[in-house]
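The structure file model_7.pdb is reproduced below (PDB, C-alpha atoms and all ligand atoms).
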```
ATOM      1  CA  MET A 214     -11.444 103.624-126.749  1.00  0.00           C
ATOM      2  CA  ALA A 215     -12.669 100.273-125.452  1.00  0.00           C
ATOM      3  CA  GLN A 216     -16.017 100.285-123.734  1.00  0.00           C
ATOM      4  CA  LEU A 217     -16.279  98.980-120.154  1.00  0.00           C
ATOM      5  CA  THR A 218     -19.730  97.850-119.070  1.00  0.00           C
ATOM      6  CA  ALA A 219     -21.169  96.228-115.945  1.00  0.00           C
ATOM      7  CA  VAL A 220     -23.918  93.745-116.777  1.00  0.00           C
ATOM      8  CA  SER A 221     -25.920  91.373-114.633  1.00  0.00           C
ATOM      9  CA  GLY A 222     -26.528  87.760-115.515  1.00  0.00           C
ATOM     10  CA  ASP A 223     -24.943  84.455-116.300  1.00  0.00           C
ATOM     11  CA  ILE A 224     -21.565  84.709-118.031  1.00  0.00           C
ATOM     12  CA  THR A 225     -22.105  81.417-119.881  1.00  0.00           C
ATOM     13  CA  GLN A 226     -24.883  83.020-121.957  1.00  0.00           C
ATOM     14  CA  LEU A 227     -22.818  85.871-123.357  1.00  0.00           C
ATOM     15  CA  HIS A 228     -22.035  86.140-127.046  1.00  0.00           C
ATOM     16  CA  VAL A 229     -18.533  87.504-126.746  1.00  0.00           C
ATOM     17  CA  ASP A 230     -15.210  86.318-128.124  1.00  0.00           C
ATOM     18  CA  ALA A 231     -13.911  85.243-124.718  1.00  0.00           C
ATOM     19  CA  ILE A 232     -15.300  84.682-121.242  1.00  0.00           C
ATOM     20  CA  VAL A 233     -13.087  84.424-118.183  1.00  0.00           C
ATOM     21  CA  ASN A 234     -13.507  81.591-115.707  1.00  0.00           C
ATOM     22  CA  ALA A 235     -12.742  81.885-111.977  1.00  0.00           C
ATOM     23  CA  ALA A 236     -10.998  78.535-111.790  1.00  0.00           C
ATOM     24  CA  ASN A 237      -8.814  76.783-109.219  1.00  0.00           C
ATOM     25  CA  GLU A 238      -5.205  75.669-109.665  1.00  0.00           C
ATOM     26  CA  SER A 239      -6.178  72.181-110.845  1.00  0.00           C
ATOM     27  CA  LEU A 240      -8.290  73.589-113.725  1.00  0.00           C
ATOM     28  CA  LEU A 241     -10.359  70.441-113.345  1.00  0.00           C
ATOM     29  CA  GLY A 242     -13.632  72.146-112.499  1.00  0.00           C
ATOM     30  CA  GLY A 243     -15.285  73.337-109.329  1.00  0.00           C
ATOM     31  CA  GLY A 244     -18.416  75.073-108.102  1.00  0.00           C
ATOM     32  CA  GLY A 245     -19.690  78.593-108.755  1.00  0.00           C
ATOM     33  CA  VAL A 246     -18.946  80.115-112.110  1.00  0.00           C
ATOM     34  CA  ASP A 247     -16.450  77.325-112.893  1.00  0.00           C
ATOM     35  CA  GLY A 248     -19.158  74.662-112.570  1.00  0.00           C
ATOM     36  CA  ALA A 249     -21.578  76.707-114.665  1.00  0.00           C
ATOM     37  CA  ILE A 250     -19.007  77.168-117.434  1.00  0.00           C
ATOM     38  CA  HIS A 251     -18.132  73.456-117.533  1.00  0.00           C
ATOM     39  CA  ARG A 252     -21.826  72.477-117.645  1.00  0.00           C
ATOM     40  CA  ALA A 253     -22.555  74.899-120.468  1.00  0.00           C
ATOM     41  CA  ALA A 254     -19.401  74.171-122.471  1.00  0.00           C
ATOM     42  CA  GLY A 255     -19.842  70.392-122.331  1.00  0.00           C
ATOM     43  CA  PRO A 256     -17.378  67.590-121.506  1.00  0.00           C
ATOM     44  CA  ASP A 257     -14.799  68.605-124.126  1.00  0.00           C
ATOM     45  CA  LEU A 258     -13.842  71.524-121.891  1.00  0.00           C
ATOM     46  CA  LEU A 259     -12.645  69.231-119.117  1.00  0.00           C
ATOM     47  CA  ILE A 260     -10.637  67.204-121.636  1.00  0.00           C
ATOM     48  CA  ALA A 261      -8.957  70.404-122.856  1.00  0.00           C
ATOM     49  CA  CYS A 262      -8.324  71.592-119.296  1.00  0.00           C
ATOM     50  CA  ARG A 263      -6.643  68.301-118.348  1.00  0.00           C
ATOM     51  CA  LYS A 264      -4.019  68.937-121.020  1.00  0.00           C
ATOM     52  CA  LEU A 265      -3.048  72.272-119.429  1.00  0.00           C
ATOM     53  CA  ASN A 266      -1.527  70.671-116.296  1.00  0.00           C
ATOM     54  CA  GLY A 267      -3.048  73.182-113.926  1.00  0.00           C
ATOM     55  CA  CYS A 268      -2.323  76.874-113.544  1.00  0.00           C
ATOM     56  CA  PRO A 269      -0.644  78.872-110.762  1.00  0.00           C
ATOM     57  CA  THR A 270      -2.617  81.437-108.768  1.00  0.00           C
ATOM     58  CA  GLY A 271      -2.470  84.858-110.408  1.00  0.00           C
ATOM     59  CA  ASP A 272      -2.160  83.401-113.892  1.00  0.00           C
ATOM     60  CA  ALA A 273      -4.591  82.248-116.598  1.00  0.00           C
ATOM     61  CA  LYS A 274      -4.691  79.756-119.480  1.00  0.00           C
ATOM     62  CA  ALA A 275      -6.926  79.612-122.570  1.00  0.00           C
ATOM     63  CA  THR A 276      -9.100  76.862-124.024  1.00  0.00           C
ATOM     64  CA  PRO A 277     -11.786  76.903-126.708  1.00  0.00           C
ATOM     65  CA  GLY A 278     -15.366  77.494-125.532  1.00  0.00           C
ATOM     66  CA  PHE A 279     -16.770  74.329-127.146  1.00  0.00           C
ATOM     67  CA  CYS A 280     -20.596  74.476-126.743  1.00  0.00           C
ATOM     68  CA  LEU A 281     -20.540  77.993-125.279  1.00  0.00           C
ATOM     69  CA  PRO A 282     -21.489  80.990-127.402  1.00  0.00           C
ATOM     70  CA  ALA A 283     -18.017  82.354-126.531  1.00  0.00           C
ATOM     71  CA  LYS A 284     -15.171  81.146-128.724  1.00  0.00           C
ATOM     72  CA  TRP A 285     -12.627  81.114-125.895  1.00  0.00           C
ATOM     73  CA  VAL A 286     -12.481  80.553-122.150  1.00  0.00           C
ATOM     74  CA  PHE A 287      -9.629  82.098-120.175  1.00  0.00           C
ATOM     75  CA  HIS A 288      -9.257  80.088-116.979  1.00  0.00           C
ATOM     76  CA  ALA A 289      -7.920  82.504-114.367  1.00  0.00           C
ATOM     77  CA  VAL A 290      -6.921  81.343-110.903  1.00  0.00           C
ATOM     78  CA  GLY A 291      -7.697  84.019-108.352  1.00  0.00           C
ATOM     79  CA  PRO A 292      -6.280  84.063-104.827  1.00  0.00           C
ATOM     80  CA  VAL A 293      -8.109  82.783-101.771  1.00  0.00           C
ATOM     81  CA  TRP A 294      -8.634  85.736 -99.409  1.00  0.00           C
ATOM     82  CA  HIS A 295      -6.523  85.341 -96.256  1.00  0.00           C
ATOM     83  CA  GLY A 296      -6.936  88.865 -94.881  1.00  0.00           C
ATOM     84  CA  GLY A 297      -5.047  90.845 -97.508  1.00  0.00           C
ATOM     85  CA  ALA A 298      -1.442  90.560 -96.292  1.00  0.00           C
ATOM     86  CA  ASP A 299      -0.684  87.496 -98.372  1.00  0.00           C
ATOM     87  CA  GLY A 300      -0.222  89.171-101.759  1.00  0.00           C
ATOM     88  CA  GLU A 301      -3.899  88.750-102.648  1.00  0.00           C
ATOM     89  CA  ASP A 302      -4.189  92.139-104.404  1.00  0.00           C
ATOM     90  CA  ASP A 303      -1.225  91.490-106.699  1.00  0.00           C
ATOM     91  CA  LEU A 304      -2.360  87.968-107.471  1.00  0.00           C
ATOM     92  CA  LEU A 305      -5.834  89.173-108.398  1.00  0.00           C
ATOM     93  CA  ALA A 306      -4.340  91.935-110.552  1.00  0.00           C
ATOM     94  CA  GLY A 307      -2.216  89.277-112.244  1.00  0.00           C
ATOM     95  CA  CYS A 308      -5.347  87.378-113.289  1.00  0.00           C
ATOM     96  CA  TYR A 309      -6.845  90.411-115.015  1.00  0.00           C
ATOM     97  CA  ARG A 310      -3.524  91.382-116.623  1.00  0.00           C
ATOM     98  CA  ARG A 311      -2.898  87.887-117.937  1.00  0.00           C
ATOM     99  CA  CYS A 312      -6.417  87.583-119.370  1.00  0.00           C
ATOM    100  CA  LEU A 313      -5.946  90.818-121.290  1.00  0.00           C
ATOM    101  CA  GLU A 314      -2.695  89.409-122.687  1.00  0.00           C
ATOM    102  CA  LEU A 315      -4.490  86.220-123.682  1.00  0.00           C
ATOM    103  CA  ALA A 316      -7.143  88.291-125.454  1.00  0.00           C
ATOM    104  CA  LEU A 317      -4.423  89.921-127.483  1.00  0.00           C
ATOM    105  CA  GLU A 318      -2.791  86.554-128.227  1.00  0.00           C
ATOM    106  CA  VAL A 319      -5.971  84.903-129.536  1.00  0.00           C
ATOM    107  CA  GLY A 320      -7.432  88.049-131.104  1.00  0.00           C
ATOM    108  CA  ALA A 321     -10.473  88.292-128.821  1.00  0.00           C
ATOM    109  CA  ARG A 322     -12.071  91.724-129.268  1.00  0.00           C
ATOM    110  CA  SER A 323     -14.890  91.295-126.737  1.00  0.00           C
ATOM    111  CA  VAL A 324     -14.154  89.840-123.305  1.00  0.00           C
ATOM    112  CA  ALA A 325     -16.354  89.189-120.259  1.00  0.00           C
ATOM    113  CA  PHE A 326     -14.995  88.850-116.708  1.00  0.00           C
ATOM    114  CA  PRO A 327     -16.782  87.462-113.651  1.00  0.00           C
ATOM    115  CA  ALA A 328     -15.913  88.920-110.237  1.00  0.00           C
ATOM    116  CA  ILE A 329     -12.911  86.613-109.763  1.00  0.00           C
ATOM    117  CA  SER A 330     -12.239  85.414-106.182  1.00  0.00           C
ATOM    118  CA  THR A 331     -15.312  87.119-104.696  1.00  0.00           C
ATOM    119  CA  GLY A 332     -17.352  83.931-104.257  1.00  0.00           C
ATOM    120  CA  VAL A 333     -16.038  80.880-102.436  1.00  0.00           C
ATOM    121  CA  TYR A 334     -12.571  82.535-102.251  1.00  0.00           C
ATOM    122  CA  ARG A 335     -14.101  85.393-100.152  1.00  0.00           C
ATOM    123  CA  PHE A 336     -12.128  88.352-101.607  1.00  0.00           C
ATOM    124  CA  PRO A 337     -13.974  91.534-100.518  1.00  0.00           C
ATOM    125  CA  PRO A 338     -16.104  92.502-103.542  1.00  0.00           C
ATOM    126  CA  GLU A 339     -15.432  96.240-103.605  1.00  0.00           C
ATOM    127  CA  ARG A 340     -11.689  95.832-103.165  1.00  0.00           C
ATOM    128  CA  ALA A 341     -11.700  93.216-105.962  1.00  0.00           C
ATOM    129  CA  ALA A 342     -13.742  95.441-108.269  1.00  0.00           C
ATOM    130  CA  LYS A 343     -11.348  98.369-107.738  1.00  0.00           C
ATOM    131  CA  ILE A 344      -8.415  96.167-108.744  1.00  0.00           C
ATOM    132  CA  ALA A 345     -10.261  94.770-111.771  1.00  0.00           C
ATOM    133  CA  ILE A 346     -11.221  98.218-113.035  1.00  0.00           C
ATOM    134  CA  ALA A 347      -7.780  99.714-112.365  1.00  0.00           C
ATOM    135  CA  ILE A 348      -6.008  97.007-114.352  1.00  0.00           C
ATOM    136  CA  VAL A 349      -8.442  97.136-117.215  1.00  0.00           C
ATOM    137  CA  ARG A 350      -8.385 100.934-117.356  1.00  0.00           C
ATOM    138  CA  SER A 351      -4.602 101.103-117.322  1.00  0.00           C
ATOM    139  CA  ARG A 352      -4.233  98.399-119.955  1.00  0.00           C
ATOM    140  CA  ILE A 353      -7.097  99.214-122.258  1.00  0.00           C
ATOM    141  CA  GLU A 354      -8.300 102.742-121.957  1.00  0.00           C
ATOM    142  CA  GLU A 355      -4.895 104.323-121.604  1.00  0.00           C
ATOM    143  CA  SER A 356      -3.202 102.323-124.320  1.00  0.00           C
ATOM    144  CA  GLY A 357      -6.189 102.727-126.653  1.00  0.00           C
ATOM    145  CA  ALA A 358      -8.386 100.087-128.234  1.00  0.00           C
ATOM    146  CA  LYS A 359      -6.056  99.561-131.156  1.00  0.00           C
ATOM    147  CA  GLU A 360      -3.085  98.474-129.075  1.00  0.00           C
ATOM    148  CA  SER A 361      -5.108  96.465-126.600  1.00  0.00           C
ATOM    149  CA  GLY A 362      -7.078  94.832-129.406  1.00  0.00           C
ATOM    150  CA  ILE A 363     -10.245  94.921-127.303  1.00  0.00           C
ATOM    151  CA  ASP A 364     -13.383  96.832-128.279  1.00  0.00           C
ATOM    152  CA  GLU A 365     -15.777  95.734-125.567  1.00  0.00           C
ATOM    153  CA  LEU A 366     -15.184  94.560-122.036  1.00  0.00           C
ATOM    154  CA  PHE A 367     -17.934  93.343-119.722  1.00  0.00           C
ATOM    155  CA  PHE A 368     -17.875  92.893-115.951  1.00  0.00           C
ATOM    156  CA  VAL A 369     -20.528  90.257-115.359  1.00  0.00           C
ATOM    157  CA  CYS A 370     -22.221  90.649-111.985  1.00  0.00           C
ATOM    158  CA  PHE A 371     -24.068  87.658-110.610  1.00  0.00           C
ATOM    159  CA  ASN A 372     -25.766  89.506-107.762  1.00  0.00           C
ATOM    160  CA  SER A 373     -27.206  92.977-107.251  1.00  0.00           C
ATOM    161  CA  GLU A 374     -24.537  94.002-104.725  1.00  0.00           C
ATOM    162  CA  THR A 375     -21.733  93.318-107.212  1.00  0.00           C
ATOM    163  CA  LEU A 376     -23.623  95.154-109.951  1.00  0.00           C
ATOM    164  CA  ARG A 377     -24.113  98.169-107.681  1.00  0.00           C
ATOM    165  CA  ILE A 378     -20.382  98.238-106.846  1.00  0.00           C
ATOM    166  CA  TYR A 379     -19.301  98.055-110.494  1.00  0.00           C
ATOM    167  CA  GLN A 380     -21.830 100.615-111.694  1.00  0.00           C
ATOM    168  CA  HIS A 381     -20.730 103.014-108.994  1.00  0.00           C
ATOM    169  CA  LEU A 382     -17.002 102.553-109.649  1.00  0.00           C
ATOM    170  CA  LEU A 383     -17.342 102.718-113.431  1.00  0.00           C
ATOM    171  CA  SER A 384     -19.309 105.945-113.234  1.00  0.00           C
ATOM    172  CA  ASP A 385     -16.470 107.505-111.246  1.00  0.00           C
ATOM    173  CA  ALA A 386     -13.607 108.446-113.548  1.00  0.00           C
ATOM    174  CA  ARG A 387     -11.218 108.654-110.582  1.00  0.00           C
ATOM    175  CA  THR A 388     -11.571 104.984-109.598  1.00  0.00           C
TER     176      THR A 388
HETATM  177  P1  LIG B   1     -14.023  82.119-106.657  1.00  0.00           P
HETATM  178  O1  LIG B   1     -13.678  80.719-106.178  1.00  0.00           O
HETATM  179  O2  LIG B   1     -12.942  82.709-107.519  1.00  0.00           O
HETATM  180  O3  LIG B   1     -14.464  82.994-105.540  1.00  0.00           O
HETATM  181  P2  LIG B   1     -16.802  81.706-107.495  1.00  0.00           P
HETATM  182  O4  LIG B   1     -17.283  80.997-108.715  1.00  0.00           O
HETATM  183  O5  LIG B   1     -17.170  81.128-106.172  1.00  0.00           O
HETATM  184  O6  LIG B   1     -15.227  81.871-107.679  1.00  0.00           O
HETATM  185  O7  LIG B   1     -17.320  83.199-107.519  1.00  0.00           O
HETATM  186  C1  LIG B   1     -16.787  84.208-108.339  1.00  0.00           C
HETATM  187  C2  LIG B   1     -17.895  85.174-108.728  1.00  0.00           C
HETATM  188  O8  LIG B   1     -18.649  84.607-109.809  1.00  0.00           O
HETATM  189  C3  LIG B   1     -18.897  85.454-107.613  1.00  0.00           C
HETATM  190  O9  LIG B   1     -19.166  86.850-107.615  1.00  0.00           O
HETATM  191  C4  LIG B   1     -20.128  84.663-108.041  1.00  0.00           C
HETATM  192  O10 LIG B   1     -21.322  85.277-107.571  1.00  0.00           O
HETATM  193  C5  LIG B   1     -20.022  84.776-109.549  1.00  0.00           C
HETATM  194  N1  LIG B   1     -20.753  83.782-110.355  1.00  0.00           N
HETATM  195  C6  LIG B   1     -21.185  82.546-110.013  1.00  0.00           C
HETATM  196  N2  LIG B   1     -21.808  81.959-111.066  1.00  0.00           N
HETATM  197  C7  LIG B   1     -21.759  82.843-112.094  1.00  0.00           C
HETATM  198  C8  LIG B   1     -22.222  82.851-113.444  1.00  0.00           C
HETATM  199  N3  LIG B   1     -22.863  81.801-113.969  1.00  0.00           N
HETATM  200  N4  LIG B   1     -21.985  83.955-114.206  1.00  0.00           N
HETATM  201  C9  LIG B   1     -21.332  85.020-113.704  1.00  0.00           C
HETATM  202  N5  LIG B   1     -20.861  85.077-112.454  1.00  0.00           N
HETATM  203  C10 LIG B   1     -21.076  84.010-111.655  1.00  0.00           C
END
```
Could you express the structure from this file as structure tokens?
Amino acid sequence: MAQLTAVSGDITQLHVDAIVNAANESLLGGGGVDGAIHRAAGPDLLIACRKLNGCPTGDAKATPGFCLPAKWVFHAVGPVWHGGADGEDDLLAGCYRRCLELALEVGARSVAFPAISTGVYRFPPERAAKIAIAIVRSRIEESGAKESGIDELFFVCFNSETLRIYQHLLSDART
């Protein structure tokens, strides 16, 4: 069974097969984790992203990691929080689902996610974490590591509140 772990720190430093970026629809860079990933990956990442012609919200596209320790970056576009009645939950779920598909496509066995949409896009952190864990559990734990192709999955928490939420939810098997 794949292992799910909450870790604190900077996702750009992780030695995993793939890290996930919380990008915007242009895929041309932004602030937050997106800015950090572009700075750490170097200018070739922007050149690769330009060729992707953007990405709709709820979807994700892959590029190499260039100067990052990670071999791949999955650029996921999370929804902007508008109060919850605008399909935000499904769109966020779509990001996690699509990234797990991309992992299978490129053969990434270790994948690290940031808390997509919970920064500038203002998605409530606990609600977002519940969705992230539910998708990952249903796709990875229930189908088994062999089918999912993933051995290790990290939820990277950039602040102590996010880490507390993930640790609490992951320790509860009913989440
Ligand atoms: P969004 O626009 O999807 O909300 P943000 O980048 O603003 O994206 O924030 C998404 C999450 O990523 C937030 O929880 C933020 O604290 C976190 N974050 C910011 N920088 C990093 C980083 N270097 N590594 C991991 N997480 C980060």
**OP:** For the structure provided, state which residues fall under the PyMOL selection byres (((not hetatm)) within 9 of (chain B and resi 1)), and present them as a ChimeraX atom specification.
**Re:** /A:221-226,234-237,243-250,289-294,326-336,338,368-372,375
TODO: Quick one: residues within 7 Å of (-14.7, 83.7, -124.8) (file frame), counting only C-alpha atoms, please, as an MDAnalysis selection string.
DONE: chainID A and resid 229:233 278 283:286 324
_What does the structure give for the distance between CA of Leu281 (chain A) and CA of Ala253 (chain A), in Å to one decimal?_
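Interatomic distance, CA of Leu281 (chain A) to CA of Ala253 (chain A): 6.1 Å.
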*Near Leu317 (chain A), within 8 Å and counting all atoms listed in the file, which residues show up once chain neighbours fewer than 2 positions away are dropped, as an MDAnalysis selection string?*
chainID A and resid 313:315 319:321 361:363
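For Ala261 (chain A), the set of protein, DNA and RNA residues having any atom at most 10 Å away, when counting all atoms listed in the file and skipping those fewer than 2 positions along the same chain, is Leu240, Leu241, Pro256, Asp257, Leu258, Leu259, Arg263, Lys264, Leu265, Asn266, Ala275, Thr276, Pro277, Gly278 and Phe279 of chain A.
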### Distance query Glu238 (chain A) at most 8 Å, all atoms listed in the file, self and fewer than 3 positions along chain excluded, as JSON, numbers by chain
{"A": [267, 268, 269, 270, 290]}
Check: For this file, the PyMOL selection byres (((chain A and resi 377-381) around 8) and not hetatm) selects which residues, as a ChimeraX atom specification?
Finding: /A:219,338-339,342,368,373-376,382-385
Answer key for the PyMOL selection byres (((chain A and resi 309) around 9) and not hetatm), residues as number ranges by chain:
A: 271-273, 289, 305-308, 310-314, 326, 329, 344-345, 348-349
Hey, which of A:Thr218, A:Ile353, A:His228, A:Pro337 ends up closest to His295 (chain A)? Count only C-alpha atoms.
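Closest to His295 (chain A) of all the choices is A:Pro337.
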Pick the closest to Glu318 (chain A) from A:Phe287, A:Leu304, A:Leu227, A:Ile260: which is it, counting all atoms listed in the file?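 Counting all atoms listed in the file, the residue closest to Glu318 (chain A) is A:Phe287.
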**OP:** Could you tell me how far CA of Arg322 (chain A) lies from CA of Arg350 (chain A), in Å and to one decimal?
**Re:**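 Atom-to-atom, CA of Arg322 (chain A) and CA of Arg350 (chain A) are spaced 15.5 Å apart.
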Legend entry - Among the residues A:Ala215, A:Gly296, A:Cys262, A:Arg252, the one that comes closest to Arg352 (chain A) [using all atoms listed in the file]: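 With all atoms listed in the file as the atom set, the closest residue is A:Ala215.
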For Ala325 (chain A), the closest of A:Leu217, A:Ile346, A:Leu366, A:Ala386 counting only C-alpha atoms is A:Leu366
Of A:Ala254, A:Ala341, A:Gly242, A:Ala347, the one nearest to Cys280 (chain A) when counting only C-alpha atoms is A:Ala254
Exercise. Work out how far CA of Gln216 (chain A) is from CA of Ser351 (chain A), in Å to one decimal.
Key: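 Answer for the CA of Ser351 (chain A) to CA of Gln216 (chain A) separation: 13.1 Å.
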Taking all listed atoms of region 371-387 of chain A, build the axis-aligned box, pad each of the six sides by 4 Å, then write its centre and edge lengths in Å to one decimal as lines of an AutoDock Vina configuration file.
```
center_x = -19.2
center_y = 98.2
center_z = -109.1
size_x = 24.0
size_y = 29.0
size_z = 16.8
```
Pull out region 307-358 of chain A, keep C-alpha atoms, and write it as a short mmCIF file (atom, residue, chain, number, x, y, z; two decimals), in the first residue's frame.
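New file decode-v1.cif:
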```cif
data_model
loop_
_atom_site.label_atom_id
_atom_site.label_comp_id
_atom_site.auth_asym_id
_atom_site.auth_seq_id
_atom_site.Cartn_x
_atom_site.Cartn_y
_atom_site.Cartn_z
CA GLY A 307 -10.04 17.08 -10.44
CA CYS A 308 -6.56 18.50 -9.85
CA TYR A 309 -5.59 15.68 -7.49
CA ARG A 310 -7.16 13.01 -9.72
CA ARG A 311 -5.42 14.29 -12.83
CA CYS A 312 -2.03 14.48 -11.10
CA LEU A 313 -2.34 10.86 -10.03
CA GLU A 314 -3.09 9.96 -13.66
CA LEU A 315 -0.05 11.91 -14.79
CA ALA A 316 2.08 10.03 -12.26
CA LEU A 317 0.94 6.80 -13.80
CA GLU A 318 1.60 8.10 -17.33
CA VAL A 319 5.19 9.19 -16.64
CA GLY A 320 5.98 6.40 -14.17
CA ALA A 321 6.46 8.64 -11.13
CA ARG A 322 6.52 6.46 -8.00
CA SER A 323 6.96 9.26 -5.45
CA VAL A 324 4.82 12.39 -5.69
CA ALA A 325 4.59 15.53 -3.53
CA PHE A 326 1.54 17.82 -3.45
CA PRO A 327 1.30 21.34 -2.04
CA ALA A 328 -2.01 22.46 -0.52
CA ILE A 329 -3.45 23.51 -3.90
CA SER A 330 -5.74 26.59 -3.88
CA THR A 331 -5.28 27.31 -0.16
CA GLY A 332 -2.99 30.32 -0.63
CA VAL A 333 -3.88 33.26 -2.84
CA TYR A 334 -6.95 31.32 -4.11
CA ARG A 335 -8.34 31.26 -0.51
CA PHE A 336 -9.85 27.72 -0.50
CA PRO A 337 -10.51 26.83 3.17
CA PRO A 338 -7.52 24.69 4.21
CA GLU A 339 -9.34 21.95 6.10
CA ARG A 340 -11.97 21.49 3.41
CA ALA A 341 -9.19 21.34 0.78
CA ALA A 342 -7.19 18.82 2.80
CA LYS A 343 -10.24 16.55 3.20
CA ILE A 344 -10.73 16.54 -0.57
CA ALA A 345 -7.03 15.91 -1.24
CA ILE A 346 -6.88 12.99 1.17
CA ALA A 347 -10.18 11.49 -0.02
CA ILE A 348 -9.07 11.47 -3.65
CA VAL A 349 -5.66 10.08 -2.88
CA ARG A 350 -7.04 7.41 -0.56
CA SER A 351 -9.66 6.28 -3.05
CA ARG A 352 -7.20 6.20 -5.93
CA ILE A 353 -4.12 4.86 -4.24
CA GLU A 354 -4.84 3.02 -1.06
CA GLU A 355 -7.94 1.26 -2.29
CA SER A 356 -6.58 0.28 -5.67
CA GLY A 357 -3.24 -0.78 -4.16
CA ALA A 358 0.24 0.52 -4.87
#
```
